[in-house]
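Notes to accompany the following structure.
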Amino acid sequence: SQQGEEDPQALSIQEGENATMNCSYKTSINNLQWYRQNSGRGLVHLILIRSNEREKHSGRLRVTLDTSKKSSSLLITASRAADTASYFCATPRSYNTDKLIFGTGTRLQVFP
Amino acid sequence: DGGITQSPKYLFRKEGQNVTLSCEQNLNHDAMYWYRQDPGQGLRLIYYSQIVNDFQKGDIAEGYSVSREKKESFPLTVTSAQKNPTAFYLCASHRTNTEAFFGQGTRLTVV
């Protein structure tokens, strides 16, 4: 079963615009992670946010976590064509496990 | 450089044939995982191992087998019992409550 569900499934924007992706999950978690996947490649870790954190930044990336709503968002500011990829959220399957469960991803297309 | 190496990048399997996908890590991680990804889909867990000589089935283990004889290595065998093996296979490892590191994947095609 999928715990993390990303929304939207696909997103197309112009360079310079901001891109926002959302993730919902079902169980209590101790962290939530975002990953990026370029076509035909492995996943690359972007940000890990812990359950006691509400917001985290890394360069042009901003992640928020709302544990009361069991949701997270990933904001990419001033997007570039090189940001074109699929983005996945991942959460531990339960509070005391390391096994991650991934959503189906958001496919982001950034046009020059 | 530390990381995870998967090989081969592309693999072709004939009907009824077993094939083995290699995964090696030099990150000194205890836990290693195998995922399957179908086009436009998320990752589904096949097998995982949290310690040498021990491994557990994931959500879609039927038709697959693994071994974990060394901490660095976690090979996946796709057996003839897996009726629809064409997919992208990803290996990962991580420490407790930290990010996962992924290999570059193996694309398996049945011919």
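Identifiers in the structure tokens: chain A, B, ... in order shown; residue index from 1 per chain; ligand index from 1 in order shown.
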
Specify as a PyMOL selection string all residues of chain B found within 10 Å of chain A, counting only C-alpha atoms. chain B and resi 6+9+31-33+37+39-45+48+50+58-59+88-92+94-107

Give me, please, the distance in Å between atom CA of Thr86 of chain B and atom CA of Val110 of chain B, quoted to one decimal.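 So the two atoms, atom CA of Thr86 of chain B and atom CA of Val110 of chain B, lie 5.8 Å apart.
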
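Within the 10 Å cut-off around Ala82 of chain A, using only C-alpha atoms and omitting residues fewer than 6 positions from it on the same chain, the listed residues are Glu15, Asn38, Gln109, Val110, Phe111 and Pro112 of chain A.
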
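Comparing the minimum interatomic distances between Gly2 of chain B and each of B:His29, B:Lys70, B:Lys83, B:Lys57, counting only C-alpha atoms, we find that B:His29 sits nearest.
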
Go through chain A and collect every residue that DSSP, computed from the backbone, puts in strand (DSSP E or B); the answer should be as number ranges by chain. A: 5-7, 10-14, 19-24, 31-37, 43-50, 55-58, 61-66, 71-76, 85-92, 100-102, 106-111

Might you pull out every residue within 9 Å of Pro75 of chain B, with only C-alpha atoms counted and same-chain residues fewer than 2 positions away left off, and present them as a CSV table (one decimal) with N, CA, C and O atoms, in the first residue's frame?
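Output below, filename selection18.csv:
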```
chain,number,residue,atom,x,y,z
B,20,THR,N,20.9,-12.5,-12.1
B,20,THR,CA,21.3,-11.9,-10.8
B,20,THR,C,21.7,-10.5,-11.0
B,20,THR,O,22.6,-10.2,-11.9
B,21,LEU,N,21.2,-9.6,-10.2
B,21,LEU,CA,21.5,-8.2,-10.2
B,21,LEU,C,22.5,-7.9,-9.0
B,21,LEU,O,22.2,-8.4,-7.9
B,22,SER,N,23.5,-7.2,-9.3
B,22,SER,CA,24.5,-7.0,-8.3
B,22,SER,C,24.3,-5.6,-7.6
B,22,SER,O,23.9,-4.7,-8.2
B,23,CYS,N,24.5,-5.6,-6.3
B,23,CYS,CA,24.5,-4.3,-5.5
B,23,CYS,C,25.6,-4.4,-4.5
B,23,CYS,O,25.7,-5.3,-3.6
B,24,GLU,N,26.5,-3.4,-4.5
B,24,GLU,CA,27.6,-3.3,-3.6
B,24,GLU,C,27.6,-1.9,-3.0
B,24,GLU,O,27.5,-0.9,-3.7
B,34,TRP,N,16.1,-3.7,-1.8
B,34,TRP,CA,15.8,-3.8,-3.2
B,34,TRP,C,14.4,-3.4,-3.5
B,34,TRP,O,13.4,-3.8,-2.8
B,65,SER,N,14.8,-13.8,-5.1
B,65,SER,CA,15.6,-14.3,-4.0
B,65,SER,C,16.8,-13.4,-3.7
B,65,SER,O,17.2,-12.7,-4.7
B,66,VAL,N,17.3,-13.4,-2.5
B,66,VAL,CA,18.5,-12.5,-2.2
B,66,VAL,C,19.4,-13.3,-1.3
B,66,VAL,O,19.0,-14.4,-0.7
B,67,SER,N,20.6,-12.8,-1.1
B,67,SER,CA,21.5,-13.3,-0.1
B,67,SER,C,22.2,-12.1,0.5
B,67,SER,O,22.3,-11.0,-0.1
B,68,ARG,N,22.8,-12.3,1.7
B,68,ARG,CA,23.5,-11.2,2.4
B,68,ARG,C,24.7,-11.9,3.2
B,68,ARG,O,24.7,-12.0,4.4
B,73,SER,N,27.5,-6.4,0.3
B,73,SER,CA,26.9,-7.0,-0.9
B,73,SER,C,25.5,-7.5,-0.7
B,73,SER,O,25.3,-8.2,0.3
B,77,THR,N,18.4,-12.1,-7.1
B,77,THR,CA,18.1,-13.0,-8.2
B,77,THR,C,16.7,-12.9,-8.6
B,77,THR,O,15.8,-13.1,-7.8
```

Identify, on the basis of only C-alpha atoms, every residue whose closest approach to Gly16 of chain B does not exceed 12 Å; exclude the query and any residue fewer than 2 positions from it along the same chain; express the result as number ranges by chain. B: 13-14, 18-19, 63, 78-85, 110-111

Enter the distance from atom CA of Asn52 of chain A to atom CA of Lys70 of chain A, in Å, rounded to one decimal.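 So the two atoms, atom CA of Asn52 of chain A and atom CA of Lys70 of chain A, lie 12.8 Å apart.
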
Need to verify the contact set: segment 54-65 of chain A, 7 Å, only C-alpha atoms, exclusion of same-chain residues closer than 5 positions in sequence. Can you return it as a JSON list (two decimals) with all heavy atoms, in the first residue's frame?
```
[["chain", "number", "residue", "atom", "x", "y", "z"],
["A", 49, "ILE", "N", 13.14, 15.80, 6.96],
["A", 49, "ILE", "CA", 12.57, 16.66, 8.00],
["A", 49, "ILE", "C", 12.02, 15.77, 9.09],
["A", 49, "ILE", "O", 11.33, 14.77, 8.82],
["A", 49, "ILE", "CB", 11.50, 17.61, 7.41],
["A", 49, "ILE", "CG1", 11.02, 18.60, 8.47],
["A", 49, "ILE", "CG2", 10.33, 16.85, 6.78],
["A", 49, "ILE", "CD1", 10.22, 19.78, 7.92],
["A", 71, "SER", "N", 0.74, 15.85, 6.42],
["A", 71, "SER", "CA", 1.08, 16.31, 5.08],
["A", 71, "SER", "C", 2.38, 17.08, 5.08],
["A", 71, "SER", "O", 2.81, 17.62, 6.11],
["A", 71, "SER", "CB", -0.04, 17.18, 4.52],
["A", 71, "SER", "OG", -0.12, 18.39, 5.24],
["A", 72, "SER", "N", 3.00, 17.12, 3.91],
["A", 72, "SER", "CA", 4.25, 17.85, 3.72],
["A", 72, "SER", "C", 4.21, 18.50, 2.34],
["A", 72, "SER", "O", 3.50, 18.03, 1.44],
["A", 72, "SER", "CB", 5.43, 16.89, 3.80],
["A", 72, "SER", "OG", 6.64, 17.52, 3.46],
["A", 73, "SER", "N", 4.95, 19.57, 2.20],
["A", 73, "SER", "CA", 5.07, 20.18, 0.88],
["A", 73, "SER", "C", 6.53, 20.46, 0.58],
["A", 73, "SER", "O", 7.33, 20.71, 1.47],
["A", 73, "SER", "CB", 4.26, 21.47, 0.80],
["A", 73, "SER", "OG", 4.83, 22.45, 1.64],
["A", 74, "LEU", "N", 6.85, 20.38, -0.71],
["A", 74, "LEU", "CA", 8.18, 20.71, -1.22],
["A", 74, "LEU", "C", 8.02, 21.88, -2.18],
["A", 74, "LEU", "O", 7.28, 21.78, -3.15],
["A", 74, "LEU", "CB", 8.80, 19.52, -1.94],
["A", 74, "LEU", "CG", 10.08, 19.79, -2.74],
["A", 74, "LEU", "CD1", 11.22, 20.17, -1.80],
["A", 74, "LEU", "CD2", 10.47, 18.58, -3.58],
["A", 75, "LEU", "N", 8.71, 22.96, -1.89],
["A", 75, "LEU", "CA", 8.69, 24.15, -2.74],
["A", 75, "LEU", "C", 10.07, 24.31, -3.37],
["A", 75, "LEU", "O", 11.08, 24.32, -2.66],
["A", 75, "LEU", "CB", 8.34, 25.39, -1.93],
["A", 75, "LEU", "CG", 8.55, 26.74, -2.62],
["A", 75, "LEU", "CD1", 7.56, 26.91, -3.78],
["A", 75, "LEU", "CD2", 8.40, 27.88, -1.62],
["A", 76, "ILE", "N", 10.09, 24.39, -4.69],
["A", 76, "ILE", "CA", 11.32, 24.71, -5.42],
["A", 76, "ILE", "C", 11.15, 26.13, -5.95],
["A", 76, "ILE", "O", 10.26, 26.40, -6.75],
["A", 76, "ILE", "CB", 11.56, 23.74, -6.59],
["A", 76, "ILE", "CG1", 11.59, 22.29, -6.09],
["A", 76, "ILE", "CG2", 12.88, 24.08, -7.30],
["A", 76, "ILE", "CD1", 11.70, 21.25, -7.20],
["A", 77, "THR", "N", 12.00, 27.03, -5.51],
["A", 77, "THR", "CA", 11.88, 28.42, -5.95],
["A", 77, "THR", "C", 12.77, 28.67, -7.17],
["A", 77, "THR", "O", 13.78, 27.99, -7.37],
["A", 77, "THR", "CB", 12.28, 29.39, -4.83],
["A", 77, "THR", "OG1", 13.63, 29.12, -4.46],
["A", 77, "THR", "CG2", 11.39, 29.21, -3.62]]
```

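Between atom CA of Glu72 of chain B and atom CA of Tyr47 of chain B the separation is 15.7 Å.
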